[in-house]
file query.cif (mmCIF, C-alpha atoms and all ligand atoms)
data_coords
loop_
_atom_site.group_PDB
_atom_site.id
_atom_site.type_symbol
_atom_site.label_atom_id
_atom_site.label_comp_id
_atom_site.auth_asym_id
_atom_site.auth_seq_id
_atom_site.Cartn_x
_atom_site.Cartn_y
_atom_site.Cartn_z
ATOM 1 C CA MET A 1 89.415 116.948 102.250
ATOM 2 C CA GLY A 2 91.564 113.866 101.972
ATOM 3 C CA HIS A 3 92.382 111.952 98.856
ATOM 4 C CA ILE A 4 90.384 108.998 97.672
ATOM 5 C CA ALA A 5 91.621 105.688 98.993
ATOM 6 C CA VAL A 6 93.442 103.519 96.454
ATOM 7 C CA HIS A 7 90.924 100.795 97.088
ATOM 8 C CA ASP A 8 88.037 103.114 96.197
ATOM 9 C CA LEU A 9 89.835 104.402 93.093
ATOM 10 C CA GLU A 10 90.286 100.827 91.969
ATOM 11 C CA ARG A 11 86.623 100.069 92.557
ATOM 12 C CA TYR A 12 85.714 103.209 90.636
ATOM 13 C CA ARG A 13 88.014 102.265 87.768
ATOM 14 C CA LEU A 14 86.467 98.819 87.520
ATOM 15 C CA GLY A 15 82.955 100.220 87.651
ATOM 16 C CA LEU A 16 82.239 98.590 90.978
ATOM 17 C CA VAL A 17 81.053 101.777 92.708
ATOM 18 C CA MET A 18 77.283 101.524 92.548
ATOM 19 C CA ASP A 19 76.310 104.102 95.152
ATOM 20 C CA GLU A 20 75.329 107.322 93.354
ATOM 21 C CA GLY A 21 76.452 109.523 96.201
ATOM 22 C CA GLU A 22 79.827 107.840 96.304
ATOM 23 C CA LEU A 23 80.135 107.990 92.511
ATOM 24 C CA ALA A 24 79.393 111.714 92.511
ATOM 25 C CA LYS A 25 81.843 112.330 95.316
ATOM 26 C CA ILE A 26 84.635 110.467 93.564
ATOM 27 C CA GLY A 27 83.816 112.091 90.215
ATOM 28 C CA GLU A 28 83.978 115.538 91.774
ATOM 29 C CA HIS A 29 87.225 114.791 93.533
ATOM 30 C CA LEU A 30 88.775 113.510 90.300
ATOM 31 C CA LEU A 31 87.883 116.756 88.544
ATOM 32 C CA ALA A 32 89.545 118.772 91.275
ATOM 33 C CA CYS A 33 92.494 116.510 91.950
ATOM 34 C CA PRO A 34 94.881 115.648 89.096
ATOM 35 C CA GLU A 35 96.765 113.377 91.462
ATOM 36 C CA CYS A 36 93.833 111.046 92.043
ATOM 37 C CA ALA A 37 92.664 111.409 88.439
ATOM 38 C CA GLU A 38 96.041 110.111 87.326
ATOM 39 C CA CYS A 39 95.639 107.101 89.588
ATOM 40 C CA THR A 40 92.489 106.107 87.729
ATOM 41 C CA GLN A 41 94.381 106.211 84.423
ATOM 42 C CA LYS A 42 96.968 103.644 85.316
ATOM 43 C CA ALA A 43 96.742 100.287 86.983
ATOM 44 C CA PRO A 44 97.982 100.234 90.535
ATOM 45 C CA THR A 45 101.458 98.804 90.777
ATOM 46 C CA GLN A 46 100.558 96.359 93.479
ATOM 47 C CA THR A 47 98.050 94.541 91.295
ATOM 48 C CA GLU A 48 98.768 90.867 91.067
ATOM 49 C CA HIS A 49 99.808 89.503 87.719
ATOM 50 C CA ILE A 50 97.412 87.415 85.727
ATOM 51 C CA GLY A 51 97.812 83.704 86.357
ATOM 52 C CA ASP A 52 98.595 81.239 83.574
ATOM 53 C CA HIS A 53 95.271 79.583 84.117
ATOM 54 C CA ASP A 54 93.401 82.860 83.667
ATOM 55 C CA LEU A 55 95.457 83.761 80.586
ATOM 56 C CA GLU A 56 94.477 80.459 79.053
ATOM 57 C CA ARG A 57 90.818 80.945 79.935
ATOM 58 C CA TYR A 58 90.992 84.420 78.426
ATOM 59 C CA HIS A 59 92.339 83.143 75.116
ATOM 60 C CA LEU A 60 89.845 80.342 74.945
ATOM 61 C CA GLY A 61 87.054 82.880 75.424
ATOM 62 C CA MET A 62 86.090 81.311 78.728
ATOM 63 C CA VAL A 63 86.214 84.541 80.723
ATOM 64 C CA VAL A 64 82.614 85.657 80.534
ATOM 65 C CA ASP A 65 82.450 87.879 83.587
ATOM 66 C CA GLU A 66 82.584 91.463 82.298
ATOM 67 C CA GLY A 67 84.382 92.759 85.355
ATOM 68 C CA GLU A 68 87.012 90.059 85.121
ATOM 69 C CA LEU A 69 87.403 90.588 81.385
ATOM 70 C CA ALA A 70 87.871 94.327 81.863
ATOM 71 C CA ALA A 71 90.365 93.756 84.651
ATOM 72 C CA ILE A 72 92.420 91.382 82.508
ATOM 73 C CA GLU A 73 92.411 93.677 79.491
ATOM 74 C CA GLU A 74 93.342 96.646 81.615
ATOM 75 C CA HIS A 75 96.152 94.687 83.163
ATOM 76 C CA PHE A 76 97.547 93.899 79.702
ATOM 77 C CA LEU A 77 97.576 97.598 78.886
ATOM 78 C CA ALA A 78 99.470 98.417 82.036
ATOM 79 C CA CYS A 79 101.730 95.384 82.237
ATOM 80 C CA PRO A 80 104.062 94.566 79.323
ATOM 81 C CA GLU A 81 105.094 91.431 81.151
ATOM 82 C CA CYS A 82 101.620 89.914 81.133
ATOM 83 C CA ALA A 83 100.948 91.239 77.629
ATOM 84 C CA GLY A 84 103.999 89.294 76.485
ATOM 85 C CA ARG A 85 102.838 86.191 78.306
ATOM 86 C CA ALA A 86 99.410 86.637 76.732
ATOM 87 C CA GLU A 87 100.959 86.643 73.267
ATOM 88 C CA GLU A 88 102.820 83.482 74.113
ATOM 89 C CA ALA A 89 99.657 81.868 75.408
ATOM 90 C CA ALA A 90 97.864 82.903 72.218
ATOM 91 C CA ARG A 91 100.590 81.230 70.184
ATOM 92 C CA CYS A 92 100.283 78.034 72.208
ATOM 93 C CA VAL A 93 96.534 77.991 71.721
ATOM 94 C CA ASP A 94 96.986 78.557 67.978
ATOM 95 C CA GLU A 95 99.538 75.760 67.757
ATOM 96 C CA MET A 96 97.157 73.488 69.561
ATOM 97 C CA ARG A 97 94.424 74.328 67.059
ATOM 98 C CA VAL A 98 96.754 73.738 64.105
ATOM 99 C CA ARG A 99 97.734 70.364 65.516
ATOM 100 C CA LEU A 100 94.077 69.510 66.007
ATOM 101 C CA VAL A 101 93.309 70.465 62.405
ATOM 102 C CA LEU A 102 96.265 68.489 61.100
ATOM 103 C CA GLY A 103 95.356 65.541 63.288
ATOM 104 C CA ASP A 104 98.896 65.673 64.614
ATOM 105 C CA PHE A 105 98.197 65.286 68.279
ATOM 106 C CA ALA A 106 100.902 62.907 69.423
HETATM 107 ZN ZN ZN B 1 93.008 113.416 95.503
HETATM 108 ZN ZN ZN B 2 101.155 91.577 84.964
#
call {"tool": "encode", "arguments": {"input": "query.cif", "output": "structure tokens", "more": "lines below"}}
Ligand SMILES: [Zn+2]
Ligand SMILES: [Zn+2]
result
Amino acid sequence: MGHIAVHDLERYRLGLVMDEGELAKIGEHLLACPECAECTQKAPTQTEHIGDHDLERYHLGMVVDEGELAAIEEHFLACPECAGRAEEAARCVDEMRVRLVLGDFA
């Protein structure tokens, strides 16, 4: 039996596998195959980074899609680069709020 395709592992990880038969098959394979199980623990390396626009939306609480939210949060866990950018974005948003409160919006 072959390994599970990266694409299917990703779908499984994100909870996008709805078919019960497929779910069971993947679940069974993961139990038997540490290699594939490991793949579900970490984000795939070829995942695209989170865009500035999406980071901003995330910090403003505008990302309401659960799948998207989960994908972004998972990416932060796996990607120090984006986690760092997220912190920066959070700071910018905070600064913006402070300026709004202080009425200092030149
Ligand atoms: Zn496998
Ligand atoms: Zn990233």
call {"tool": "resolve_selection", "arguments": {"input": "query.cif", "expression": "the PyMOL selection byres (((chain A and resi 3) around 8) and not hetatm)", "output": "list in words"}}
result
Met1, Gly2, Ile4, Ala5, His29 and Cys36 of chain A
call {"tool": "closest_residue", "arguments": {"input": "query.cif", "among": "A:Val101, A:Asp94, A:Glu88, A:His49", "to": "ligand ZN 2 (chain B)", "atoms": "only C-alpha atoms and all ligand atoms"}}
result
A:His49
call {"tool": "closest_residue", "arguments": {"input": "query.cif", "among": "A:Asp54, A:Glu20, A:Glu10, A:Glu28", "to": "ligand ZN 1 (chain B)", "atoms": "all atoms listed in the file"}}
result
A:Glu28
call {"tool": "residues_near_ligand", "arguments": {"input": "query.cif", "ligand": "ligand ZN 2 (chain B)", "cutoff": "12 Å", "atoms": "only C-alpha atoms and all ligand atoms", "output": "mmCIF file with C-alpha atoms, in the frame of the given file"}}
result
data_model
loop_
_atom_site.group_PDB
_atom_site.id
_atom_site.type_symbol
_atom_site.label_atom_id
_atom_site.label_comp_id
_atom_site.auth_asym_id
_atom_site.auth_seq_id
_atom_site.Cartn_x
_atom_site.Cartn_y
_atom_site.Cartn_z
ATOM 1 C CA ALA A 43 96.742 100.287 86.983
ATOM 2 C CA PRO A 44 97.982 100.234 90.535
ATOM 3 C CA THR A 45 101.458 98.804 90.777
ATOM 4 C CA GLN A 46 100.558 96.359 93.479
ATOM 5 C CA THR A 47 98.050 94.541 91.295
ATOM 6 C CA GLU A 48 98.768 90.867 91.067
ATOM 7 C CA HIS A 49 99.808 89.503 87.719
ATOM 8 C CA ILE A 50 97.412 87.415 85.727
ATOM 9 C CA GLY A 51 97.812 83.704 86.357
ATOM 10 C CA ASP A 52 98.595 81.239 83.574
ATOM 11 C CA ASP A 54 93.401 82.860 83.667
ATOM 12 C CA LEU A 55 95.457 83.761 80.586
ATOM 13 C CA ALA A 71 90.365 93.756 84.651
ATOM 14 C CA ILE A 72 92.420 91.382 82.508
ATOM 15 C CA GLU A 73 92.411 93.677 79.491
ATOM 16 C CA GLU A 74 93.342 96.646 81.615
ATOM 17 C CA HIS A 75 96.152 94.687 83.163
ATOM 18 C CA PHE A 76 97.547 93.899 79.702
ATOM 19 C CA LEU A 77 97.576 97.598 78.886
ATOM 20 C CA ALA A 78 99.470 98.417 82.036
ATOM 21 C CA CYS A 79 101.730 95.384 82.237
ATOM 22 C CA PRO A 80 104.062 94.566 79.323
ATOM 23 C CA GLU A 81 105.094 91.431 81.151
ATOM 24 C CA CYS A 82 101.620 89.914 81.133
ATOM 25 C CA ALA A 83 100.948 91.239 77.629
ATOM 26 C CA GLY A 84 103.999 89.294 76.485
ATOM 27 C CA ARG A 85 102.838 86.191 78.306
ATOM 28 C CA ALA A 86 99.410 86.637 76.732
#
call {"tool": "closest_residue", "arguments": {"input": "query.cif", "among": "A:Glu95, A:Glu87, A:Glu68, A:Glu38", "to": "Leu16 in chain A", "atoms": "only C-alpha atoms"}}
result
A:Glu68
call {"tool": "axis_aligned_box", "arguments": {"input": "query.cif", "around": "range 15-23 of chain A", "padding_each_side": "5 Å", "output": "AutoDock Vina command-line options"}}
result
--center_x 79.1 --center_y 104.1 --center_z 92.0 --size_x 17.6 --size_y 20.9 --size_z 18.7
call {"tool": "atom_distance", "arguments": {"input": "query.cif", "atom1": "CA of Ala37 in chain A", "atom2": "CA of Asp65 in chain A"}}
result
26.1 Å
call {"tool": "closest_residue", "arguments": {"input": "query.cif", "among": "A:Arg91, A:His53, A:Lys25, A:Arg99", "to": "ligand ZN 1 (chain B)", "atoms": "only C-alpha atoms and all ligand atoms"}}
result
A:Lys25
call {"tool": "atom_distance", "arguments": {"input": "query.cif", "atom1": "CA of Glu35 in chain A", "atom2": "atom ZN of ligand ZN 1 (chain B)"}}
result
5.5 Å
call {"tool": "closest_residue", "arguments": {"input": "query.cif", "among": "A:Leu9, A:Cys33, A:Glu22, A:Arg57", "to": "ligand ZN 1 (chain B)", "atoms": "all atoms listed in the file"}}
result
A:Cys33
call {"tool": "closest_residue", "arguments": {"input": "query.cif", "among": "A:Asp19, A:Glu56, A:Glu66, A:Asp8", "to": "ligand ZN 1 (chain B)", "atoms": "all atoms listed in the file"}}
result
A:Asp8
